[in-house]
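Heads up, run25.cif below (mmCIF, C-alpha atoms and all ligand atoms):
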data_target
loop_
_atom_site.label_atom_id
_atom_site.label_comp_id
_atom_site.auth_asym_id
_atom_site.auth_seq_id
_atom_site.Cartn_x
_atom_site.Cartn_y
_atom_site.Cartn_z
CA MET A 1 27.01 -50.29 -37.93
CA ALA A 2 27.46 -53.99 -37.47
CA PHE A 3 24.47 -56.17 -38.16
CA GLN A 4 24.83 -58.86 -35.59
CA THR A 5 21.35 -59.38 -34.28
CA ALA A 6 19.04 -61.78 -36.03
CA LYS A 7 16.54 -59.02 -36.56
CA ARG A 8 18.96 -56.81 -38.37
CA LYS A 9 20.02 -59.56 -40.71
CA ILE A 10 16.61 -59.52 -42.33
CA ALA A 11 16.69 -57.06 -45.17
CA HIS A 12 13.45 -55.22 -45.59
CA PRO A 13 12.45 -55.52 -49.23
CA GLY A 14 11.19 -51.96 -49.34
CA ILE A 15 14.37 -50.41 -48.00
CA ARG A 16 16.16 -47.79 -50.00
CA PRO A 17 19.64 -46.54 -49.28
CA LEU A 18 19.79 -43.19 -47.60
CA GLN A 19 19.51 -40.67 -50.36
CA ARG A 20 22.25 -38.26 -51.15
CA GLN A 21 20.27 -35.25 -52.17
CA PHE A 22 19.14 -33.99 -48.79
CA GLY A 23 20.69 -31.10 -47.04
CA PHE A 24 23.06 -31.33 -44.16
CA GLN A 25 21.78 -30.84 -40.67
CA SER A 26 24.05 -31.72 -37.79
CA GLU A 27 22.03 -30.00 -35.08
CA GLY A 28 19.16 -32.09 -33.81
CA VAL A 29 16.63 -31.41 -31.10
CA HIS A 30 18.58 -33.32 -28.45
CA PHE A 31 22.04 -33.84 -29.90
CA ASP A 32 24.49 -31.83 -31.95
CA LEU A 33 26.31 -34.34 -34.14
CA ARG A 34 29.08 -31.93 -35.08
CA GLU A 35 29.98 -31.29 -31.48
CA ILE A 36 30.10 -35.03 -30.74
CA PHE A 37 32.09 -35.76 -33.90
CA ASP A 38 34.66 -33.08 -33.07
CA ALA A 39 35.06 -34.34 -29.51
CA LEU A 40 35.51 -37.96 -30.66
CA ASN A 41 37.90 -36.87 -33.39
CA ALA A 42 40.09 -35.12 -30.84
CA ARG A 43 39.83 -37.79 -28.16
CA HIS A 44 40.22 -40.97 -30.22
CA PHE A 45 41.61 -40.06 -33.65
CA ARG A 46 44.09 -37.24 -33.04
CA ASN A 47 41.88 -35.15 -35.32
CA ALA A 48 42.79 -37.40 -38.24
CA LEU A 49 39.36 -37.16 -39.86
CA ARG A 50 39.46 -34.02 -41.95
CA GLY A 51 36.84 -32.60 -44.27
CA TYR A 52 34.05 -34.88 -43.08
CA ARG A 53 30.49 -33.76 -42.79
CA ILE A 54 28.08 -35.38 -40.37
CA THR A 55 24.34 -35.03 -40.70
CA TRP A 56 21.07 -36.44 -39.50
CA GLY A 57 19.37 -38.52 -42.18
CA ARG A 58 15.99 -37.57 -43.49
CA ARG A 59 13.09 -38.17 -41.16
CA ARG A 60 10.64 -40.73 -42.46
CA ARG A 61 7.01 -41.07 -41.64
CA GLU A 62 7.24 -44.76 -40.93
CA ALA A 63 9.64 -46.68 -38.77
CA PRO A 64 11.52 -49.54 -40.36
CA ARG A 65 10.07 -52.98 -39.65
CA ALA A 66 13.05 -55.26 -39.34
CA TRP A 67 16.22 -53.60 -40.47
CA PHE A 68 17.66 -50.63 -38.68
CA VAL A 69 20.72 -48.76 -39.84
CA PHE A 70 21.96 -46.46 -37.10
CA GLY A 71 24.61 -44.81 -39.22
CA THR A 72 26.40 -44.90 -42.55
CA ILE A 73 29.59 -43.46 -43.94
CA HIS A 74 30.16 -42.56 -47.55
CA GLU A 75 33.89 -42.34 -48.09
CA GLY A 76 33.74 -40.76 -51.54
CA ASP A 77 31.74 -37.79 -50.27
CA ARG A 78 33.15 -37.92 -46.75
CA VAL A 79 29.70 -37.87 -45.29
CA ILE A 80 28.50 -39.62 -42.16
CA ARG A 81 24.74 -39.93 -41.80
CA ILE A 82 23.05 -40.76 -38.54
CA HIS A 83 19.51 -42.07 -38.35
CA PRO A 84 17.20 -39.32 -37.06
CA ARG A 85 15.40 -41.71 -34.71
CA LEU A 86 18.52 -41.52 -32.54
CA ASP A 87 17.69 -37.88 -31.82
CA GLN A 88 15.45 -38.70 -28.88
CA PRO A 89 15.67 -37.92 -25.18
CA TRP A 90 15.74 -41.60 -24.15
CA VAL A 91 18.82 -42.33 -26.28
CA PRO A 92 21.92 -42.09 -24.06
CA ARG A 93 24.60 -39.79 -25.36
CA TRP A 94 27.21 -42.54 -24.91
CA PHE A 95 25.22 -44.77 -27.25
CA LEU A 96 25.10 -42.11 -29.94
CA GLU A 97 28.82 -41.56 -29.40
CA TYR A 98 29.39 -45.26 -30.00
CA VAL A 99 27.38 -45.15 -33.24
CA ILE A 100 29.39 -42.17 -34.50
CA TYR A 101 32.68 -43.68 -33.34
CA HIS A 102 31.86 -46.85 -35.30
CA GLU A 103 31.33 -44.87 -38.51
CA MET A 104 34.46 -42.80 -37.89
CA LEU A 105 36.49 -45.99 -37.48
CA HIS A 106 35.55 -46.93 -41.05
CA ALA A 107 37.36 -43.79 -42.19
CA VAL A 108 40.65 -44.89 -40.63
CA VAL A 109 40.63 -48.72 -40.71
CA PRO A 110 41.00 -49.98 -44.28
CA ASP A 111 38.68 -52.60 -45.77
CA VAL A 112 40.17 -55.94 -46.68
CA GLU A 113 39.50 -57.69 -49.95
CA LEU A 114 38.73 -61.37 -49.50
CA PRO A 115 39.88 -64.07 -51.94
CA SER A 116 36.29 -64.18 -53.19
CA GLY A 117 36.60 -60.55 -54.26
CA ARG A 118 34.15 -59.38 -51.62
CA ARG A 119 35.21 -56.66 -49.25
CA ARG A 120 35.30 -57.12 -45.52
CA VAL A 121 34.70 -53.88 -43.67
CA HIS A 122 34.49 -55.11 -40.08
CA THR A 123 37.96 -56.60 -40.05
CA GLU A 124 39.71 -57.96 -36.98
CA GLU A 125 41.59 -54.70 -36.67
CA PHE A 126 38.29 -52.84 -36.90
CA GLN A 127 36.73 -54.99 -34.21
CA ARG A 128 39.77 -54.66 -31.97
CA ARG A 129 39.60 -50.90 -32.16
CA GLU A 130 35.84 -50.90 -31.76
CA ARG A 131 36.09 -52.92 -28.55
CA ALA A 132 38.60 -50.37 -27.26
CA PHE A 133 35.86 -47.74 -27.19
CA PRO A 134 35.23 -46.99 -23.51
CA ASN A 135 31.48 -47.68 -23.59
CA TYR A 136 31.60 -50.49 -26.14
CA ALA A 137 30.15 -53.32 -24.03
CA ARG A 138 27.58 -51.07 -22.46
CA ALA A 139 26.54 -49.70 -25.87
CA ARG A 140 26.18 -53.14 -27.45
CA ARG A 141 24.06 -54.27 -24.53
CA TRP A 142 21.87 -51.18 -24.78
CA GLU A 143 21.51 -51.77 -28.51
CA GLU A 144 20.32 -55.33 -27.95
CA GLU A 145 17.87 -54.27 -25.28
CA ASN A 146 16.46 -51.29 -27.14
CA LEU A 147 16.49 -52.25 -30.82
CA ALA A 148 12.77 -52.94 -30.82
CA ARG A 149 12.07 -49.33 -29.86
CA PHE A 150 13.53 -48.20 -33.18
CA LEU A 151 11.47 -50.62 -35.19
CA ARG A 152 7.76 -50.67 -35.82
ZN ZN B 1 30.30 -50.70 -39.84
#
Can you dump the structure from the file as structure tokens?
Ligand SMILES: [Zn+2]
Amino acid sequence: MAFQTAKRKIAHPGIRPLQRQFGFQSEGVHFDLREIFDALNARHFRNALRGYRITWGRRRREAPRAWFVFGTIHEGDRVIRIHPRLDQPWVPRWFLEYVIYHEMLHAVVPDVELPSGRRRVHTEEFQRRERAFPNYARARRWEEENLARFLR
């Protein structure tokens, strides 16, 4: 996900990357990630994403304080992980679809290496395609308005 709000730019010192060793669980209480992934893959990517797994991340006892990562993609393993706090009845399906769509876009839009040697992942092409998502504006607005509910 993009980190464009001030809050999300603050890295929490205690944060650890999502671990790799947990099992894969795409069925949540409220949402089935696999079903959403497959529908998005057909509708927006001509089923171009093959061999990907999508799973809820591990549930943690404590909510993050300042930094919230809705989703991640690990290209090497072809794994998309979605934060389990999104599996709640008050989260609109179209917002979760946007989160998953964003991660899926990373699989098809290449990173760009900057002169500094750093990699840019949210390139102009990425952002153009992200904005083309039908609920993009609505999802970004919802994210701004509801971010605090995901934090402590
Ligand atoms: Zn991203």
Could you produce a table of the residues of chain A lying within 12 Å of ligand ZN 1 (chain B), with the nearest pair of atoms per residue and their separation in Å rounded to one decimal, using all atoms listed in the file, ordered by chain and increasing residue number, as JSON lines?
{"residue": "A:Met1", "atom": "CA", "partner": "B:ZN1", "partner_atom": "ZN", "distance": 3.8}
{"residue": "A:Ala2", "atom": "CA", "partner": "B:ZN1", "partner_atom": "ZN", "distance": 5.0}
{"residue": "A:Phe3", "atom": "CA", "partner": "B:ZN1", "partner_atom": "ZN", "distance": 8.2}
{"residue": "A:Gln4", "atom": "CA", "partner": "B:ZN1", "partner_atom": "ZN", "distance": 10.7}
{"residue": "A:Val69", "atom": "CA", "partner": "B:ZN1", "partner_atom": "ZN", "distance": 9.8}
{"residue": "A:Phe70", "atom": "CA", "partner": "B:ZN1", "partner_atom": "ZN", "distance": 9.7}
{"residue": "A:Gly71", "atom": "CA", "partner": "B:ZN1", "partner_atom": "ZN", "distance": 8.2}
{"residue": "A:Thr72", "atom": "CA", "partner": "B:ZN1", "partner_atom": "ZN", "distance": 7.5}
{"residue": "A:Ile73", "atom": "CA", "partner": "B:ZN1", "partner_atom": "ZN", "distance": 8.4}
{"residue": "A:His74", "atom": "CA", "partner": "B:ZN1", "partner_atom": "ZN", "distance": 11.2}
{"residue": "A:Ile80", "atom": "CA", "partner": "B:ZN1", "partner_atom": "ZN", "distance": 11.5}
{"residue": "A:Tyr98", "atom": "CA", "partner": "B:ZN1", "partner_atom": "ZN", "distance": 11.3}
{"residue": "A:Val99", "atom": "CA", "partner": "B:ZN1", "partner_atom": "ZN", "distance": 9.1}
{"residue": "A:Ile100", "atom": "CA", "partner": "B:ZN1", "partner_atom": "ZN", "distance": 10.1}
{"residue": "A:Tyr101", "atom": "CA", "partner": "B:ZN1", "partner_atom": "ZN", "distance": 9.9}
{"residue": "A:His102", "atom": "CA", "partner": "B:ZN1", "partner_atom": "ZN", "distance": 6.2}
{"residue": "A:Glu103", "atom": "CA", "partner": "B:ZN1", "partner_atom": "ZN", "distance": 6.1}
{"residue": "A:Met104", "atom": "CA", "partner": "B:ZN1", "partner_atom": "ZN", "distance": 9.1}
{"residue": "A:Leu105", "atom": "CA", "partner": "B:ZN1", "partner_atom": "ZN", "distance": 8.1}
{"residue": "A:His106", "atom": "CA", "partner": "B:ZN1", "partner_atom": "ZN", "distance": 6.6}
{"residue": "A:Ala107", "atom": "CA", "partner": "B:ZN1", "partner_atom": "ZN", "distance": 10.2}
{"residue": "A:Val108", "atom": "CA", "partner": "B:ZN1", "partner_atom": "ZN", "distance": 11.9}
{"residue": "A:Val109", "atom": "CA", "partner": "B:ZN1", "partner_atom": "ZN", "distance": 10.6}
{"residue": "A:Pro110", "atom": "CA", "partner": "B:ZN1", "partner_atom": "ZN", "distance": 11.6}
{"residue": "A:Asp111", "atom": "CA", "partner": "B:ZN1", "partner_atom": "ZN", "distance": 10.4}
{"residue": "A:Arg120", "atom": "CA", "partner": "B:ZN1", "partner_atom": "ZN", "distance": 9.9}
{"residue": "A:Val121", "atom": "CA", "partner": "B:ZN1", "partner_atom": "ZN", "distance": 6.6}
{"residue": "A:His122", "atom": "CA", "partner": "B:ZN1", "partner_atom": "ZN", "distance": 6.1}
{"residue": "A:Thr123", "atom": "CA", "partner": "B:ZN1", "partner_atom": "ZN", "distance": 9.7}
{"residue": "A:Phe126", "atom": "CA", "partner": "B:ZN1", "partner_atom": "ZN", "distance": 8.8}
{"residue": "A:Gln127", "atom": "CA", "partner": "B:ZN1", "partner_atom": "ZN", "distance": 9.6}
{"residue": "A:Glu130", "atom": "CA", "partner": "B:ZN1", "partner_atom": "ZN", "distance": 9.8}
Need the shell around range 37-44 of chain A: protein/DNA/RNA residues with any atom at most 9 Å away, counting only C-alpha atoms. Skip same-chain ones fewer than 2 positions apart. Format as an MDAnalysis selection string? chainID A and resid 32:35 46:49 54 97 100:101 104 133
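The space separating CA of Phe45 in chain A from CA of Arg81 in chain A comes to 18.7 Å.
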Neighbours of Ala148 in chain A within 10 Å (only C-alpha atoms; same-chain residues fewer than 5 positions away dropped), as a count of residues only? 5
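Residues with any atom within 10 Å of the point (13.9, -47.9, -38.4), counting only C-alpha atoms, are Ile15, Arg60, Glu62, Ala63, Pro64, Arg65, Ala66, Trp67, Phe68, Val69, Phe70, His83, Pro84, Arg85, Leu86, Leu147, Ala148, Arg149, Phe150, Leu151 and Arg152 of chain A.
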Length of the CA of Pro92 in chain A to CA of Gly57 in chain A vector [Å]: 18.6 Å
Record the distance separating CA of Arg140 in chain A and CA of Tyr52 in chain A, expressed in Å with one decimal. 25.3 Å
Starting from the sparse input, extend range 76-109 of chain A to N, CA and C atoms and give the output as a PDB file, in the frame of the given file.
ATOM      1  N   GLY A  76      33.518 -41.627 -50.382  1.00  0.00           N
ATOM      2  CA  GLY A  76      33.740 -40.760 -51.540  1.00  0.00           C
ATOM      3  C   GLY A  76      33.367 -39.311 -51.248  1.00  0.00           C
ATOM      4  N   ASP A  77      32.224 -39.140 -50.585  1.00  0.00           N
ATOM      5  CA  ASP A  77      31.740 -37.790 -50.270  1.00  0.00           C
ATOM      6  C   ASP A  77      32.186 -37.325 -48.886  1.00  0.00           C
ATOM      7  N   ARG A  78      32.802 -38.224 -48.137  1.00  0.00           N
ATOM      8  CA  ARG A  78      33.150 -37.920 -46.750  1.00  0.00           C
ATOM      9  C   ARG A  78      31.951 -37.424 -45.945  1.00  0.00           C
ATOM     10  N   VAL A  79      30.920 -38.222 -46.009  1.00  0.00           N
ATOM     11  CA  VAL A  79      29.700 -37.870 -45.290  1.00  0.00           C
ATOM     12  C   VAL A  79      29.301 -39.017 -44.368  1.00  0.00           C
ATOM     13  N   ILE A  80      29.050 -38.673 -43.118  1.00  0.00           N
ATOM     14  CA  ILE A  80      28.500 -39.620 -42.160  1.00  0.00           C
ATOM     15  C   ILE A  80      27.049 -39.223 -41.928  1.00  0.00           C
ATOM     16  N   ARG A  81      26.155 -40.198 -42.063  1.00  0.00           N
ATOM     17  CA  ARG A  81      24.740 -39.930 -41.800  1.00  0.00           C
ATOM     18  C   ARG A  81      24.287 -40.755 -40.618  1.00  0.00           C
ATOM     19  N   ILE A  82      23.559 -40.109 -39.747  1.00  0.00           N
ATOM     20  CA  ILE A  82      23.050 -40.760 -38.540  1.00  0.00           C
ATOM     21  C   ILE A  82      21.531 -40.788 -38.608  1.00  0.00           C
ATOM     22  N   HIS A  83      20.966 -41.931 -38.256  1.00  0.00           N
ATOM     23  CA  HIS A  83      19.510 -42.070 -38.350  1.00  0.00           C
ATOM     24  C   HIS A  83      18.812 -41.096 -37.400  1.00  0.00           C
ATOM     25  N   PRO A  84      17.840 -40.351 -37.900  1.00  0.00           N
ATOM     26  CA  PRO A  84      17.200 -39.320 -37.060  1.00  0.00           C
ATOM     27  C   PRO A  84      16.426 -39.873 -35.866  1.00  0.00           C
ATOM     28  N   ARG A  85      16.097 -41.154 -35.883  1.00  0.00           N
ATOM     29  CA  ARG A  85      15.400 -41.710 -34.710  1.00  0.00           C
ATOM     30  C   ARG A  85      16.315 -41.803 -33.490  1.00  0.00           C
ATOM     31  N   LEU A  86      17.607 -41.556 -33.700  1.00  0.00           N
ATOM     32  CA  LEU A  86      18.520 -41.520 -32.540  1.00  0.00           C
ATOM     33  C   LEU A  86      18.451 -40.163 -31.818  1.00  0.00           C
ATOM     34  N   ASP A  87      17.790 -39.209 -32.441  1.00  0.00           N
ATOM     35  CA  ASP A  87      17.690 -37.880 -31.820  1.00  0.00           C
ATOM     36  C   ASP A  87      16.469 -37.835 -30.894  1.00  0.00           C
ATOM     37  N   GLN A  88      16.564 -38.618 -29.825  1.00  0.00           N
ATOM     38  CA  GLN A  88      15.450 -38.700 -28.880  1.00  0.00           C
ATOM     39  C   GLN A  88      16.000 -38.651 -27.468  1.00  0.00           C
ATOM     40  N   PRO A  89      15.171 -38.133 -26.544  1.00  0.00           N
ATOM     41  CA  PRO A  89      15.670 -37.920 -25.180  1.00  0.00           C
ATOM     42  C   PRO A  89      16.040 -39.216 -24.456  1.00  0.00           C
ATOM     43  N   TRP A  90      15.458 -40.344 -24.849  1.00  0.00           N
ATOM     44  CA  TRP A  90      15.740 -41.600 -24.150  1.00  0.00           C
ATOM     45  C   TRP A  90      16.975 -42.320 -24.707  1.00  0.00           C
ATOM     46  N   VAL A  91      17.584 -41.748 -25.741  1.00  0.00           N
ATOM     47  CA  VAL A  91      18.820 -42.330 -26.280  1.00  0.00           C
ATOM     48  C   VAL A  91      20.000 -41.761 -25.493  1.00  0.00           C
ATOM     49  N   PRO A  92      20.784 -42.620 -24.826  1.00  0.00           N
ATOM     50  CA  PRO A  92      21.920 -42.090 -24.060  1.00  0.00           C
ATOM     51  C   PRO A  92      22.977 -41.506 -24.998  1.00  0.00           C
ATOM     52  N   ARG A  93      23.561 -40.430 -24.555  1.00  0.00           N
ATOM     53  CA  ARG A  93      24.600 -39.790 -25.360  1.00  0.00           C
ATOM     54  C   ARG A  93      25.743 -40.772 -25.669  1.00  0.00           C
ATOM     55  N   TRP A  94      26.100 -41.608 -24.684  1.00  0.00           N
ATOM     56  CA  TRP A  94      27.210 -42.540 -24.910  1.00  0.00           C
ATOM     57  C   TRP A  94      26.866 -43.582 -25.954  1.00  0.00           C
ATOM     58  N   PHE A  95      25.571 -43.854 -26.168  1.00  0.00           N
ATOM     59  CA  PHE A  95      25.220 -44.770 -27.250  1.00  0.00           C
ATOM     60  C   PHE A  95      25.395 -44.086 -28.604  1.00  0.00           C
ATOM     61  N   LEU A  96      24.920 -42.860 -28.687  1.00  0.00           N
ATOM     62  CA  LEU A  96      25.100 -42.110 -29.940  1.00  0.00           C
ATOM     63  C   LEU A  96      26.586 -41.922 -30.239  1.00  0.00           C
ATOM     64  N   GLU A  97      27.370 -41.680 -29.208  1.00  0.00           N
ATOM     65  CA  GLU A  97      28.820 -41.560 -29.400  1.00  0.00           C
ATOM     66  C   GLU A  97      29.409 -42.838 -29.975  1.00  0.00           C
ATOM     67  N   TYR A  98      28.916 -43.971 -29.484  1.00  0.00           N
ATOM     68  CA  TYR A  98      29.390 -45.260 -30.000  1.00  0.00           C
ATOM     69  C   TYR A  98      29.038 -45.416 -31.489  1.00  0.00           C
ATOM     70  N   VAL A  99      27.818 -45.049 -31.842  1.00  0.00           N
ATOM     71  CA  VAL A  99      27.380 -45.150 -33.240  1.00  0.00           C
ATOM     72  C   VAL A  99      28.283 -44.295 -34.143  1.00  0.00           C
ATOM     73  N   ILE A 100      28.557 -43.080 -33.697  1.00  0.00           N
ATOM     74  CA  ILE A 100      29.390 -42.170 -34.500  1.00  0.00           C
ATOM     75  C   ILE A 100      30.832 -42.662 -34.538  1.00  0.00           C
ATOM     76  N   TYR A 101      31.318 -43.124 -33.403  1.00  0.00           N
ATOM     77  CA  TYR A 101      32.680 -43.680 -33.340  1.00  0.00           C
ATOM     78  C   TYR A 101      32.834 -44.841 -34.325  1.00  0.00           C
ATOM     79  N   HIS A 102      31.824 -45.706 -34.384  1.00  0.00           N
ATOM     80  CA  HIS A 102      31.860 -46.850 -35.300  1.00  0.00           C
ATOM     81  C   HIS A 102      32.020 -46.358 -36.753  1.00  0.00           C
ATOM     82  N   GLU A 103      31.237 -45.375 -37.137  1.00  0.00           N
ATOM     83  CA  GLU A 103      31.330 -44.870 -38.510  1.00  0.00           C
ATOM     84  C   GLU A 103      32.684 -44.195 -38.749  1.00  0.00           C
ATOM     85  N   MET A 104      33.160 -43.470 -37.754  1.00  0.00           N
ATOM     86  CA  MET A 104      34.460 -42.800 -37.890  1.00  0.00           C
ATOM     87  C   MET A 104      35.584 -43.816 -38.064  1.00  0.00           C
ATOM     88  N   LEU A 105      35.462 -44.946 -37.369  1.00  0.00           N
ATOM     89  CA  LEU A 105      36.490 -45.990 -37.480  1.00  0.00           C
ATOM     90  C   LEU A 105      36.617 -46.468 -38.924  1.00  0.00           C
ATOM     91  N   HIS A 106      35.494 -46.510 -39.645  1.00  0.00           N
ATOM     92  CA  HIS A 106      35.550 -46.930 -41.050  1.00  0.00           C
ATOM     93  C   HIS A 106      36.437 -46.003 -41.871  1.00  0.00           C
ATOM     94  N   ALA A 107      36.544 -44.752 -41.438  1.00  0.00           N
ATOM     95  CA  ALA A 107      37.360 -43.790 -42.190  1.00  0.00           C
ATOM     96  C   ALA A 107      38.855 -44.050 -42.001  1.00  0.00           C
ATOM     97  N   VAL A 108      39.219 -44.724 -40.915  1.00  0.00           N
ATOM     98  CA  VAL A 108      40.650 -44.890 -40.630  1.00  0.00           C
ATOM     99  C   VAL A 108      41.135 -46.343 -40.700  1.00  0.00           C
ATOM    100  N   VAL A 109      40.215 -47.312 -40.617  1.00  0.00           N
ATOM    101  CA  VAL A 109      40.630 -48.720 -40.710  1.00  0.00           C
ATOM    102  C   VAL A 109      40.274 -49.217 -42.112  1.00  0.00           C
TER     103      VAL A 109
END
